[in-house]
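Below: coords_0.cif (mmCIF, C-alpha atoms)
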data_run
loop_
_atom_site.label_atom_id
_atom_site.label_comp_id
_atom_site.auth_asym_id
_atom_site.auth_seq_id
_atom_site.Cartn_x
_atom_site.Cartn_y
_atom_site.Cartn_z
CA GLN H 22 5.15 62.38 -17.51
CA VAL H 23 8.36 60.79 -16.26
CA GLN H 24 10.33 58.72 -18.75
CA LEU H 25 12.93 56.27 -17.47
CA VAL H 26 15.72 54.53 -19.39
CA GLU H 27 17.85 51.79 -17.83
CA SER H 28 21.33 50.78 -18.95
CA GLY H 29 24.31 48.80 -17.73
CA GLY H 30 23.00 45.26 -17.83
CA GLY H 31 24.96 42.36 -19.24
CA LEU H 32 26.60 39.05 -18.54
CA VAL H 33 28.70 38.76 -15.39
CA GLN H 34 30.28 35.87 -13.55
CA ALA H 35 29.15 34.93 -10.07
CA GLY H 36 31.03 36.96 -7.50
CA GLY H 37 31.51 39.85 -9.89
CA SER H 38 30.06 43.35 -9.95
CA LEU H 39 27.85 45.39 -12.22
CA ARG H 40 26.41 48.90 -12.06
CA LEU H 41 23.03 49.72 -13.49
CA SER H 42 21.91 53.23 -14.35
CA CYS H 43 18.47 54.72 -14.78
CA THR H 44 18.20 58.13 -16.39
CA ALA H 45 15.01 60.11 -16.09
CA SER H 46 13.52 62.80 -18.25
CA GLY H 47 10.65 65.00 -17.27
CA PRO H 48 10.09 67.43 -14.47
CA SER H 49 11.35 67.50 -10.91
CA PHE H 50 13.61 64.42 -10.68
CA SER H 51 14.79 65.51 -7.24
CA THR H 52 11.27 65.49 -5.78
CA TYR H 53 10.37 61.79 -6.06
CA SER H 54 11.71 58.46 -4.95
CA LEU H 55 12.69 55.65 -7.32
CA GLY H 56 13.05 51.92 -7.03
CA TRP H 57 14.82 49.07 -8.75
CA PHE H 58 12.66 46.05 -9.47
CA ARG H 59 13.68 42.75 -10.98
CA GLN H 60 11.77 40.00 -12.72
CA PRO H 61 13.41 36.59 -13.12
CA PRO H 62 12.13 34.35 -15.91
CA GLY H 63 8.67 33.04 -15.07
CA LYS H 64 8.45 34.92 -11.80
CA VAL H 65 6.80 38.07 -10.52
CA ARG H 66 8.40 41.49 -10.48
CA ASP H 67 9.73 42.43 -7.03
CA LEU H 68 11.27 45.52 -5.52
CA VAL H 69 14.91 44.99 -4.57
CA ALA H 70 16.07 48.52 -3.70
CA ALA H 71 14.67 52.02 -3.47
CA SER H 72 15.89 55.52 -2.75
CA SER H 73 14.02 58.46 -1.30
CA TRP H 74 13.92 61.73 -3.21
CA SER H 75 17.13 62.92 -1.54
CA GLY H 76 18.93 59.61 -1.34
CA GLY H 77 18.91 59.89 2.44
CA GLY H 78 16.44 57.07 2.86
CA THR H 79 16.87 53.66 1.28
CA TYR H 80 15.20 50.29 1.15
CA TYR H 81 16.69 46.88 0.35
CA SER H 82 15.07 43.51 0.10
CA ASP H 83 16.60 40.79 2.23
CA SER H 84 17.85 39.00 -0.86
CA VAL H 85 20.22 41.83 -1.82
CA LYS H 86 20.96 43.54 1.48
CA GLY H 87 24.70 43.97 1.97
CA ARG H 88 25.47 43.23 -1.70
CA PHE H 89 23.54 45.86 -3.67
CA PHE H 90 23.71 49.59 -3.10
CA ILE H 91 21.39 52.22 -4.50
CA SER H 92 22.34 55.82 -5.06
CA ARG H 93 21.23 58.78 -7.10
CA ASP H 94 22.71 61.90 -8.62
CA ASN H 95 19.98 64.50 -8.81
CA ALA H 96 22.17 66.84 -10.85
CA LYS H 97 22.35 64.17 -13.55
CA ASN H 98 18.77 62.89 -13.17
CA THR H 99 20.23 59.42 -12.69
CA LEU H 100 19.62 56.54 -10.32
CA TYR H 101 22.22 53.80 -9.85
CA LEU H 102 22.31 50.25 -8.57
CA GLN H 103 25.74 48.92 -7.66
CA MET H 104 25.55 45.14 -7.66
CA ASN H 105 28.39 43.35 -5.86
CA ASN H 106 29.07 39.69 -5.23
CA VAL H 107 26.34 38.76 -7.68
CA LYS H 108 24.80 35.31 -7.65
CA PRO H 109 23.09 33.23 -10.37
CA GLU H 110 19.77 33.91 -8.63
CA ASP H 111 20.24 37.62 -9.36
CA THR H 112 19.61 36.84 -13.04
CA ALA H 113 16.61 38.87 -14.11
CA VAL H 114 15.39 41.84 -16.09
CA TYR H 115 15.94 44.91 -13.93
CA TYR H 116 13.57 47.86 -14.10
CA CYS H 117 13.54 51.25 -12.48
CA ALA H 118 10.21 52.75 -11.57
CA THR H 119 8.53 55.44 -9.53
CA ASP H 120 5.14 56.18 -8.00
CA LEU H 121 6.16 59.85 -7.69
CA SER H 122 6.01 59.71 -3.89
CA THR H 123 8.94 60.64 -1.65
CA THR H 124 9.36 57.09 -0.27
CA CYS H 125 8.01 54.64 -2.84
CA TRP H 126 8.85 51.46 -0.95
CA TYR H 127 6.10 52.21 1.58
CA SER H 128 3.41 51.94 -1.10
CA TYR H 129 4.94 48.70 -2.36
CA THR H 130 5.36 47.03 1.01
CA TRP H 131 1.92 48.19 2.21
CA SER H 132 -0.02 47.25 -0.92
CA GLY H 133 2.00 44.20 -1.86
CA THR H 134 1.65 45.14 -5.51
CA ILE H 135 3.47 47.14 -8.14
CA SER H 136 0.28 48.93 -9.16
CA PRO H 137 1.17 52.27 -7.46
CA PHE H 138 4.19 52.54 -9.78
CA THR H 139 3.04 54.37 -12.87
CA SER H 140 6.33 55.13 -14.61
CA TRP H 141 8.62 52.31 -15.76
CA GLY H 142 11.71 51.93 -17.86
CA GLN H 143 12.03 49.30 -20.57
CA GLY H 144 14.28 47.10 -18.44
CA THR H 145 17.84 45.85 -18.74
CA GLN H 146 18.86 42.18 -18.67
CA VAL H 147 21.33 40.97 -16.07
CA THR H 148 22.62 37.43 -16.44
CA VAL H 149 24.91 35.89 -13.83
CA SER H 150 26.84 32.80 -14.84
CA SER H 151 27.98 30.26 -12.29
#
Any chance you could give the structure as structure tokens?
Amino acid sequence: QVQLVESGGGLVQAGGSLRLSCTASGPSFSTYSLGWFRQPPGKVRDLVAASSWSGGGTYYSDSVKGRFFISRDNAKNTLYLQMNNVKPEDTAVYYCATDLSTTCWYSYTWSGTISPFTSWGQGTQVTVSS
């Protein structure tokens, strides 16, 4: 069973930067893809970025493309999300998750649901002030 723990959230001013981390425990971190989801207050949880098992393939939602960058360090079992030029609408709880596939964004975009993702972290709050 994969266990995920997010960190790095906080309060940041609009236009600033923040880096989130997601550390995994359990077997074979380098064999599965991971994604960053976010859930604003009162809204559904959506995928904003994802990385393939190697980091060679990535996915970004249109809302964050060009501002957020996902990366991973398989030696440290850690996934990152570099958030640049943040906006108030980026305010949300951010979660990392995996469906244990090699390219998890395909299952999300094809199914339109988060149900394929079986391992989730507890989330980290990001608040962007204007």
Go through segment 32-67 of chain H and flag each residue having an atom no more than 10 Å from segment 139-145 of chain H; for those, report the closest pair of atoms plus their distance in Å to one decimal, using only C-alpha atoms, ordered by chain and rising number, as a Markdown table.
| residue | atom | partner | partner_atom | distance |
| --- | --- | --- | --- | --- |
| H:Leu41 | CA | H:Thr145 | CA | 8.3 |
| H:Ser42 | CA | H:Thr145 | CA | 9.5 |
| H:Cys43 | CA | H:Gly142 | CA | 7.9 |
| H:Thr44 | CA | H:Gly142 | CA | 9.1 |
| H:Ala45 | CA | H:Gly142 | CA | 9.0 |
| H:Leu55 | CA | H:Ser140 | CA | 9.7 |
| H:Gly56 | CA | H:Trp141 | CA | 9.8 |
| H:Trp57 | CA | H:Gly144 | CA | 9.9 |
| H:Phe58 | CA | H:Gly144 | CA | 9.2 |
| H:Arg59 | CA | H:Gly144 | CA | 8.7 |
| H:Gln60 | CA | H:Gly144 | CA | 9.5 |
Would you mind exporting C-alpha atoms of the selected residues as a PDB file, keeping the file's coordinate frame?
ATOM      1  CA  LEU H  41      23.030  49.720 -13.490  1.00  0.00           C
ATOM      2  CA  SER H  42      21.910  53.230 -14.350  1.00  0.00           C
ATOM      3  CA  CYS H  43      18.470  54.720 -14.780  1.00  0.00           C
ATOM      4  CA  THR H  44      18.200  58.130 -16.390  1.00  0.00           C
ATOM      5  CA  ALA H  45      15.010  60.110 -16.090  1.00  0.00           C
ATOM      6  CA  LEU H  55      12.690  55.650  -7.320  1.00  0.00           C
ATOM      7  CA  GLY H  56      13.050  51.920  -7.030  1.00  0.00           C
ATOM      8  CA  TRP H  57      14.820  49.070  -8.750  1.00  0.00           C
ATOM      9  CA  PHE H  58      12.660  46.050  -9.470  1.00  0.00           C
ATOM     10  CA  ARG H  59      13.680  42.750 -10.980  1.00  0.00           C
ATOM     11  CA  GLN H  60      11.770  40.000 -12.720  1.00  0.00           C
TER      12      GLN H  60
END
Query raised in the report: Taking all atoms listed in the file into account, which of H:Pro109, H:Pro48, H:Gly87, H:Gly29 comes nearest Pro61 of chain H?
Result: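 Answer, going by the shortest atom-to-atom distance: H:Pro109.
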Query raised in the report: Which residues come within 12 Å of Lys64 of chain H, counting all atoms listed in the file, excluding same-chain residues fewer than 5 positions away, as a list in words?
Result: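 Listed by chain and then number, they are Arg59, Glu110, Thr112, Ala113 and Val114 of chain H.
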Select from segment 27-75 of chain H every residue with an atom at most 8 Å from any atom of segment 91-95 of chain H, then for each give the shortest pair of atoms and their distance in Å to one decimal, using all atoms listed in the file, rows by chain and rising number, as CSV.
residue,atom,partner,partner_atom,distance
H:Phe50,CA,H:Asn95,CA,6.6
H:Ser51,CA,H:Asn95,CA,5.5
H:Ala70,CA,H:Ile91,CA,6.5
H:Ala71,CA,H:Ile91,CA,6.8
H:Ser72,CA,H:Ile91,CA,6.6
H:Ser75,CA,H:Asn95,CA,8.0
Query raised in the report: What gap, in Å, lies between atom CA of Glu27 of chain H and atom CA of Cys117 of chain H?
Result: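 Answer for the atom CA of Glu27 of chain H to atom CA of Cys117 of chain H separation: 6.9 Å.
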Report task. Name the residues that the PyMOL selection byres ((chain H and resi 36) around 6) picks from the file above, as an MDAnalysis selection string, using the file's chain letters and numbers. Result -> chainID H and resid 35 37 106:107
Query raised in the report: Do you have the atom CA of Ser150 of chain H-atom CA of Tyr115 of chain H distance handy?
Result: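 Distance between the two atoms: 16.3 Å.
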Query raised in the report: Within 7 Å of Phe90 of chain H, counting all atoms listed in the file, which residues qualify if same-chain residues fewer than 5 places away don't, as a PyMOL selection string?
Result: chain H and resi 102-104
Write the residues of the selection above to a file with C-alpha atoms, as a compact mmCIF listing (two decimals), in the frame of the given file.
# COMPACT_ATOMS: atom_id res chain seq x y z
CA LEU H 102 22.31 50.25 -8.57
CA GLN H 103 25.74 48.92 -7.66
CA MET H 104 25.55 45.14 -7.66
Care to translate the PyMOL selection byres ((chain H and resi 53) around 6) into actual residues of this file, as a PDB file with C-alpha atoms, in the coordinates of the input?
ATOM      1  CA  SER H  51      14.790  65.510  -7.240  1.00  0.00           C
ATOM      2  CA  THR H  52      11.270  65.490  -5.780  1.00  0.00           C
ATOM      3  CA  SER H  54      11.710  58.460  -4.950  1.00  0.00           C
ATOM      4  CA  TRP H  74      13.920  61.730  -3.210  1.00  0.00           C
ATOM      5  CA  LEU H 121       6.160  59.850  -7.690  1.00  0.00           C
ATOM      6  CA  SER H 122       6.010  59.710  -3.890  1.00  0.00           C
ATOM      7  CA  THR H 123       8.940  60.640  -1.650  1.00  0.00           C
TER       8      THR H 123
END
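For the residues H:Val69, H:Asn98, H:Leu39, H:Thr124, ranking by smallest atom-to-atom distance to Asp83 of chain H using all atoms listed in the file places H:Val69 first.
Restricting the calculation to all atoms listed in the file, the smallest distance between Gly31 of chain H and any of H:Asp111, H:Ser132, H:Phe89, H:Thr119 is found for H:Asp111.
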Where's the centre, and what are the edge lengths in Å to one decimal, of a box along x, y and z enclosing all listed atoms of segment 42-46 of chain H padded 5 Å per side, as JSON?
{"center_x": 17.7, "center_y": 58.0, "center_z": -16.3, "size_x": 18.4, "size_y": 19.6, "size_z": 13.9}
Query raised in the report: Hey, can you check how far atom CA of Gly77 of chain H sits from atom CA of Ala96 of chain H?
Result: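 Separation of atom CA of Gly77 of chain H and atom CA of Ala96 of chain H: 15.3 Å.
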Query raised in the report: Which one of H:Val26, H:Tyr81, H:Asn105, H:Cys125 sits closest to Phe138 of chain H if you count only C-alpha atoms?
Result: H:Cys125
Report task. Check the smallest atom-to-atom distance from each of H:Lys86, H:Arg66, H:Lys97, H:Lys108 to Ser38 of chain H using all atoms listed in the file, then report the winner. Result ->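 Closest residue, counting all atoms listed in the file: H:Lys108.
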Report task. Could you check which of H:Ser151, H:Ser49, H:Gly78, H:Asp67 is closest to Thr134 of chain H, using all atoms listed in the file? Result ->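 Nearest to Thr134 of chain H: H:Asp67.
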Query raised in the report: For this file, the PyMOL selection byres ((chain H and resi 46) around 6) selects which residues, as an MDAnalysis selection string?
Result: chainID H and resid 23:24 45 47
Can you give me all heavy atoms for segment 123-134 of chain H, written as a tab-separated table (two decimals), in the frame of the given file?
chain	number	residue	atom	x	y	z
H	123	THR	N	7.59	60.38	-2.16
H	123	THR	CA	8.94	60.64	-1.65
H	123	THR	C	9.61	59.39	-1.10
H	123	THR	O	10.84	59.36	-0.96
H	123	THR	CB	8.89	61.71	-0.55
H	123	THR	OG1	7.98	61.28	0.47
H	123	THR	CG2	8.43	63.05	-1.13
H	124	THR	N	8.81	58.36	-0.78
H	124	THR	CA	9.36	57.09	-0.27
H	124	THR	C	8.55	55.94	-0.85
H	124	THR	O	7.66	55.40	-0.20
H	124	THR	CB	9.32	57.05	1.27
H	124	THR	OG1	8.00	57.43	1.72
H	124	THR	CG2	10.34	57.99	1.89
H	125	CYS	N	8.86	55.56	-2.07
H	125	CYS	CA	8.01	54.64	-2.84
H	125	CYS	C	7.92	53.24	-2.25
H	125	CYS	O	6.96	52.51	-2.53
H	125	CYS	CB	8.47	54.57	-4.28
H	125	CYS	SG	10.15	53.98	-4.50
H	126	TRP	N	8.91	52.83	-1.44
H	126	TRP	CA	8.85	51.46	-0.95
H	126	TRP	C	7.71	51.27	0.04
H	126	TRP	O	7.26	50.15	0.24
H	126	TRP	CB	10.18	51.04	-0.34
H	126	TRP	CG	10.67	51.87	0.80
H	126	TRP	CD1	10.46	51.66	2.14
H	126	TRP	CD2	11.47	53.05	0.72
H	126	TRP	NE1	11.08	52.63	2.87
H	126	TRP	CE2	11.71	53.50	2.03
H	126	TRP	CE3	12.02	53.77	-0.36
H	126	TRP	CZ2	12.47	54.63	2.29
H	126	TRP	CZ3	12.78	54.89	-0.09
H	126	TRP	CH2	12.99	55.32	1.21
H	127	TYR	N	7.24	52.35	0.67
H	127	TYR	CA	6.10	52.21	1.58
H	127	TYR	C	4.86	51.76	0.82
H	127	TYR	O	4.10	50.91	1.29
H	127	TYR	CB	5.83	53.51	2.31
H	127	TYR	CG	6.86	53.84	3.35
H	127	TYR	CD1	7.36	55.13	3.49
H	127	TYR	CD2	7.35	52.86	4.20
H	127	TYR	CE1	8.32	55.43	4.44
H	127	TYR	CE2	8.30	53.15	5.16
H	127	TYR	CZ	8.78	54.44	5.27
H	127	TYR	OH	9.73	54.73	6.20
H	128	SER	N	4.60	52.34	-0.35
H	128	SER	CA	3.41	51.94	-1.10
H	128	SER	C	3.53	50.51	-1.57
H	128	SER	O	2.54	49.77	-1.61
H	128	SER	CB	3.16	52.89	-2.27
H	128	SER	OG	4.27	52.91	-3.15
H	129	TYR	N	4.75	50.08	-1.91
H	129	TYR	CA	4.94	48.70	-2.36
H	129	TYR	C	4.76	47.72	-1.21
H	129	TYR	O	4.03	46.74	-1.32
H	129	TYR	CB	6.32	48.54	-2.98
H	129	TYR	CG	6.65	47.12	-3.36
H	129	TYR	CD1	6.13	46.57	-4.52
H	129	TYR	CD2	7.47	46.34	-2.56
H	129	TYR	CE1	6.42	45.27	-4.88
H	129	TYR	CE2	7.77	45.04	-2.91
H	129	TYR	CZ	7.24	44.51	-4.07
H	129	TYR	OH	7.52	43.22	-4.42
H	130	THR	N	5.42	47.98	-0.11
H	130	THR	CA	5.36	47.03	1.01
H	130	THR	C	3.97	47.02	1.65
H	130	THR	O	3.52	46.00	2.15
H	130	THR	CB	6.42	47.34	2.07
H	130	THR	OG1	6.26	48.68	2.53
H	130	THR	CG2	7.81	47.16	1.51
H	131	TRP	N	3.27	48.15	1.62
H	131	TRP	CA	1.92	48.19	2.21
H	131	TRP	C	0.90	47.52	1.31
H	131	TRP	O	0.05	46.78	1.77
H	131	TRP	CB	1.53	49.64	2.46
H	131	TRP	CG	0.19	49.77	3.10
H	131	TRP	CD1	-0.12	49.62	4.43
H	131	TRP	CD2	-1.05	50.07	2.44
H	131	TRP	NE1	-1.46	49.81	4.63
H	131	TRP	CE2	-2.06	50.08	3.44
H	131	TRP	CE3	-1.40	50.32	1.11
H	131	TRP	CZ2	-3.39	50.35	3.13
H	131	TRP	CZ3	-2.72	50.59	0.81
H	131	TRP	CH2	-3.70	50.60	1.82
H	132	SER	N	0.98	47.79	-0.01
H	132	SER	CA	-0.02	47.25	-0.92
H	132	SER	C	0.31	45.83	-1.37
H	132	SER	O	-0.58	45.08	-1.75
H	132	SER	CB	-0.17	48.15	-2.15
H	132	SER	OG	0.98	48.09	-2.96
H	133	GLY	N	1.59	45.52	-1.38
H	133	GLY	CA	2.00	44.20	-1.86
H	133	GLY	C	1.93	44.06	-3.36
H	133	GLY	O	2.03	42.96	-3.90
H	134	THR	N	1.73	45.19	-4.06
H	134	THR	CA	1.65	45.14	-5.51
H	134	THR	C	2.50	46.24	-6.13
H	134	THR	O	2.89	47.19	-5.46
H	134	THR	CB	0.21	45.31	-6.01
H	134	THR	OG1	-0.17	46.69	-5.87
H	134	THR	CG2	-0.76	44.45	-5.22
